[in-house]
>>> print(open('structure-v2.cif').read())   # mmCIF, C-alpha atoms, pLDDT in the B column; chains and numbers go by the auth columns
data_start
#
loop_
_atom_site.group_PDB
_atom_site.id
_atom_site.type_symbol
_atom_site.label_atom_id
_atom_site.label_comp_id
_atom_site.label_asym_id
_atom_site.label_seq_id
_atom_site.Cartn_x
_atom_site.Cartn_y
_atom_site.Cartn_z
_atom_site.B_iso_or_equiv
_atom_site.auth_seq_id
_atom_site.auth_asym_id
ATOM 1 C CA MET A 1 119.760 -31.753 -21.479 47.00 1 A
ATOM 2 C CA THR A 2 119.198 -29.588 -24.496 55.00 2 A
ATOM 3 C CA PRO A 3 121.719 -29.755 -27.357 60.00 3 A
ATOM 4 C CA ASN A 4 123.052 -26.260 -26.607 74.00 4 A
ATOM 5 C CA THR A 5 123.731 -26.849 -22.926 83.00 5 A
ATOM 6 C CA PHE A 6 127.347 -27.933 -23.379 80.00 6 A
ATOM 7 C CA ASN A 7 127.946 -25.302 -26.069 85.00 7 A
ATOM 8 C CA ASP A 8 126.692 -22.637 -23.648 82.00 8 A
ATOM 9 C CA LEU A 9 128.839 -24.065 -20.876 79.00 9 A
ATOM 10 C CA LEU A 10 131.957 -24.039 -23.056 82.00 10 A
ATOM 11 C CA LYS A 11 131.256 -20.454 -24.124 83.00 11 A
ATOM 12 C CA ASP A 12 130.832 -19.453 -20.486 80.00 12 A
ATOM 13 C CA TRP A 13 134.093 -21.142 -19.488 80.00 13 A
ATOM 14 C CA THR A 14 135.942 -19.512 -22.374 83.00 14 A
ATOM 15 C CA ALA A 15 134.584 -16.080 -21.450 81.00 15 A
ATOM 16 C CA ARG A 16 135.539 -16.597 -17.795 78.00 16 A
ATOM 17 C CA GLN A 17 139.008 -17.790 -18.765 77.00 17 A
ATOM 18 C CA LEU A 18 139.565 -14.727 -20.934 74.00 18 A
ATOM 19 C CA SER A 19 138.165 -12.459 -18.228 74.00 19 A
ATOM 20 C CA GLN A 20 140.474 -13.945 -15.595 72.00 20 A
ATOM 21 C CA ARG A 21 143.507 -13.594 -17.864 73.00 21 A
ATOM 22 C CA GLN A 22 142.777 -9.910 -18.351 77.00 22 A
ATOM 23 C CA LYS A 23 142.391 -9.073 -14.664 80.00 23 A
ATOM 24 C CA VAL A 24 145.107 -7.415 -12.612 84.00 24 A
ATOM 25 C CA THR A 25 145.291 -7.228 -8.837 87.00 25 A
ATOM 26 C CA ARG A 26 145.361 -3.822 -7.153 89.00 26 A
ATOM 27 C CA THR A 27 144.908 -2.611 -3.606 93.00 27 A
ATOM 28 C CA ILE A 28 142.288 0.100 -3.167 93.00 28 A
ATOM 29 C CA SER A 29 140.904 2.029 -0.237 96.00 29 A
ATOM 30 C CA LEU A 30 137.157 2.222 0.254 96.00 30 A
ATOM 31 C CA TYR A 31 134.987 4.131 2.675 98.00 31 A
ATOM 32 C CA ASP A 32 133.633 1.951 5.486 98.00 32 A
ATOM 33 C CA THR A 33 130.050 2.514 4.365 98.00 33 A
ATOM 34 C CA ASP A 34 130.900 1.452 0.813 98.00 34 A
ATOM 35 C CA MET A 35 132.648 -1.690 2.056 98.00 35 A
ATOM 36 C CA VAL A 36 129.521 -2.647 3.984 98.00 36 A
ATOM 37 C CA LYS A 37 127.538 -2.360 0.734 97.00 37 A
ATOM 38 C CA VAL A 38 130.121 -4.420 -1.169 96.00 38 A
ATOM 39 C CA LYS A 39 129.977 -7.132 1.510 97.00 39 A
ATOM 40 C CA ALA A 40 126.175 -7.122 1.385 97.00 40 A
ATOM 41 C CA LEU A 41 126.132 -7.406 -2.412 96.00 41 A
ATOM 42 C CA ALA A 42 128.677 -10.226 -2.290 95.00 42 A
ATOM 43 C CA ALA A 43 126.546 -12.104 0.239 96.00 43 A
ATOM 44 C CA VAL A 44 123.294 -11.576 -1.647 95.00 44 A
ATOM 45 C CA PHE A 45 124.703 -12.638 -5.023 91.00 45 A
ATOM 46 C CA GLY A 46 127.089 -15.330 -3.778 92.00 46 A
ATOM 47 C CA LEU A 47 130.125 -13.636 -5.307 90.00 47 A
ATOM 48 C CA SER A 48 133.438 -12.562 -3.845 92.00 48 A
ATOM 49 C CA GLU A 49 133.925 -8.993 -2.723 94.00 49 A
ATOM 50 C CA GLN A 50 136.642 -8.679 -5.379 92.00 50 A
ATOM 51 C CA GLU A 51 134.208 -9.725 -8.111 89.00 51 A
ATOM 52 C CA ILE A 52 131.676 -7.157 -6.921 91.00 52 A
ATOM 53 C CA VAL A 53 134.233 -4.316 -6.833 94.00 53 A
ATOM 54 C CA ALA A 54 135.734 -5.308 -10.213 90.00 54 A
ATOM 55 C CA SER A 55 132.273 -5.401 -11.809 89.00 55 A
ATOM 56 C CA ILE A 56 131.278 -2.034 -10.363 93.00 56 A
ATOM 57 C CA ILE A 57 134.489 -0.413 -11.602 93.00 57 A
ATOM 58 C CA HIS A 58 134.220 -2.086 -15.023 87.00 58 A
ATOM 59 C CA HIS A 59 130.631 -1.022 -15.614 90.00 59 A
ATOM 60 C CA GLY A 60 131.176 2.353 -13.975 93.00 60 A
ATOM 61 C CA LEU A 61 134.003 3.145 -16.398 94.00 61 A
ATOM 62 C CA PHE A 62 131.743 2.400 -19.367 91.00 62 A
ATOM 63 C CA GLU A 63 129.098 4.705 -17.917 94.00 63 A
ATOM 64 C CA LEU A 64 131.650 7.416 -17.164 96.00 64 A
ATOM 65 C CA GLU A 65 133.120 7.238 -20.677 96.00 65 A
ATOM 66 C CA SER A 66 129.670 7.668 -22.168 95.00 66 A
ATOM 67 C CA LYS A 67 129.293 10.918 -20.201 96.00 67 A
ATOM 68 C CA ILE A 68 132.500 12.573 -21.457 97.00 68 A
ATOM 69 C CA PRO A 69 131.139 15.467 -23.517 96.00 69 A
ATOM 70 C CA TYR A 70 131.864 15.912 -27.205 95.00 70 A
ATOM 71 C CA GLU A 71 133.353 19.304 -28.028 96.00 71 A
ATOM 72 C CA GLN A 72 133.100 20.218 -31.692 96.00 72 A
ATOM 73 C CA GLY A 73 136.236 21.473 -33.381 96.00 73 A
ATOM 74 C CA ASN A 74 136.530 23.310 -36.689 96.00 74 A
ATOM 75 C CA LYS A 75 137.981 20.427 -38.747 97.00 75 A
ATOM 76 C CA VAL A 76 135.603 18.162 -40.706 96.00 76 A
ATOM 77 C CA ILE A 77 136.825 14.571 -40.298 95.00 77 A
ATOM 78 C CA ARG A 78 134.193 12.805 -42.423 96.00 78 A
ATOM 79 C CA VAL A 79 130.761 13.125 -43.973 96.00 79 A
ATOM 80 C CA GLU A 80 127.930 10.853 -42.828 96.00 80 A
ATOM 81 C CA GLU A 81 124.619 10.824 -44.667 96.00 81 A
ATOM 82 C CA GLY A 82 125.462 14.165 -46.238 95.00 82 A
ATOM 83 C CA GLU A 83 126.283 15.826 -42.904 95.00 83 A
ATOM 84 C CA ASP A 84 129.723 17.059 -41.861 96.00 84 A
ATOM 85 C CA VAL A 85 131.172 15.387 -38.762 96.00 85 A
ATOM 86 C CA TYR A 86 133.657 17.568 -36.916 96.00 86 A
ATOM 87 C CA GLU A 87 136.636 16.470 -34.854 96.00 87 A
ATOM 88 C CA ASP A 88 136.223 16.198 -31.093 97.00 88 A
ATOM 89 C CA ILE A 89 138.561 18.650 -29.339 97.00 89 A
ATOM 90 C CA GLY A 90 137.368 17.801 -25.845 96.00 90 A
ATOM 91 C CA MET A 91 138.608 15.352 -23.252 97.00 91 A
ATOM 92 C CA MET A 92 137.765 12.149 -25.160 97.00 92 A
ATOM 93 C CA PRO A 93 140.607 12.294 -27.716 96.00 93 A
ATOM 94 C CA ARG A 94 143.133 12.953 -24.936 96.00 94 A
ATOM 95 C CA TYR A 95 141.643 10.123 -22.890 97.00 95 A
ATOM 96 C CA ILE A 96 141.885 7.715 -25.834 97.00 96 A
ATOM 97 C CA ASP A 97 145.484 8.817 -26.504 96.00 97 A
ATOM 98 C CA LYS A 98 146.393 8.128 -22.864 96.00 98 A
ATOM 99 C CA ILE A 99 144.783 4.677 -23.036 96.00 99 A
ATOM 100 C CA ARG A 100 146.870 3.883 -26.143 96.00 100 A
ATOM 101 C CA GLU A 101 150.029 5.253 -24.504 95.00 101 A
ATOM 102 C CA ILE A 102 149.511 3.183 -21.343 94.00 102 A
ATOM 103 C CA THR A 103 148.618 0.063 -23.338 91.00 103 A
ATOM 104 C CA ARG A 104 151.776 0.342 -25.464 92.00 104 A
ATOM 105 C CA GLY A 105 153.887 0.801 -22.332 84.00 105 A
ATOM 106 C CA ARG A 106 152.913 -2.553 -20.845 74.00 106 A
#
>>> encode(input="structure-v2.cif", output="structure tokens")
Amino acid sequence: MTPNTFNDLLKDWTARQLSQRQKVTRTISLYDTDMVKVKALAAVFGLSEQEIVASIIHHGLFELESKIPYEQGNKVIRVEEGEDVYEDIGMMPRYIDKIREITRGR
């Protein structure tokens, strides 16, 4: 065994423990064809169907967030490298506000 093996294992366990603590259980409806794909992925990768769905949603949300377009407002909020950076008046600020509102309401 290499010296880092147990360190890596402990890091993995800690990450899994934190991940499990942060998960919530929800019931969702899927199309039959999508469920077949989830079952196939679970079988191929040796994971539970719940892990597959949770991972797809988790990574999909990151991808979706990255696609929310920036809409430039008129107000300069800072200067970076000599360039004015304008406030975002699009969907992202409202989305972030809703996340904060929901998080506080827990």
>>> residues_around(input="structure-v2.cif", residues="stretch 81-88 of chain A", least_positions_apart="4", cutoff="12 Å", atoms="only C-alpha atoms", output="PyMOL selection string")
chain A and resi 68-77+92-96
>>> write_last_selection(input="structure-v2.cif", atoms="C-alpha atoms", output="PDB file, keeping the file's coordinate frame")
ATOM      1  CA  ILE A  68     132.500  12.573 -21.457  1.00 97.00           C
ATOM      2  CA  PRO A  69     131.139  15.467 -23.517  1.00 96.00           C
ATOM      3  CA  TYR A  70     131.864  15.912 -27.205  1.00 95.00           C
ATOM      4  CA  GLU A  71     133.353  19.304 -28.028  1.00 96.00           C
ATOM      5  CA  GLN A  72     133.100  20.218 -31.692  1.00 96.00           C
ATOM      6  CA  GLY A  73     136.236  21.473 -33.381  1.00 96.00           C
ATOM      7  CA  ASN A  74     136.530  23.310 -36.689  1.00 96.00           C
ATOM      8  CA  LYS A  75     137.981  20.427 -38.747  1.00 97.00           C
ATOM      9  CA  VAL A  76     135.603  18.162 -40.706  1.00 96.00           C
ATOM     10  CA  ILE A  77     136.825  14.571 -40.298  1.00 95.00           C
ATOM     11  CA  MET A  92     137.765  12.149 -25.160  1.00 97.00           C
ATOM     12  CA  PRO A  93     140.607  12.294 -27.716  1.00 96.00           C
ATOM     13  CA  ARG A  94     143.133  12.953 -24.936  1.00 96.00           C
ATOM     14  CA  TYR A  95     141.643  10.123 -22.890  1.00 97.00           C
ATOM     15  CA  ILE A  96     141.885   7.715 -25.834  1.00 97.00           C
TER      16      ILE A  96
END
>>> residues_around(input="structure-v2.cif", residues="stretch 55-64 of chain A", least_positions_apart="4", cutoff="12 Å", atoms="all atoms listed in the file", output="MDAnalysis selection string")
chainID A and resid 19 23 28 34 37:38 41:42 47:51 68:69 92 95
>>> axis_aligned_box(input="structure-v2.cif", around="stretch 43-62 of chain A", padding_each_side="3 Å", output="AutoDock Vina command-line options")
--center_x 130.0 --center_y -6.1 --center_z -9.6 --size_x 19.3 --size_y 24.5 --size_z 25.6
>>> atom_distance(input="structure-v2.cif", atom1="atom CA of A:Arg21", atom2="atom CA of A:Ile99")
19.0 Å
>>> atom_distance(input="structure-v2.cif", atom1="atom CA of A:Lys67", atom2="atom CA of A:Lys98")
17.5 Å
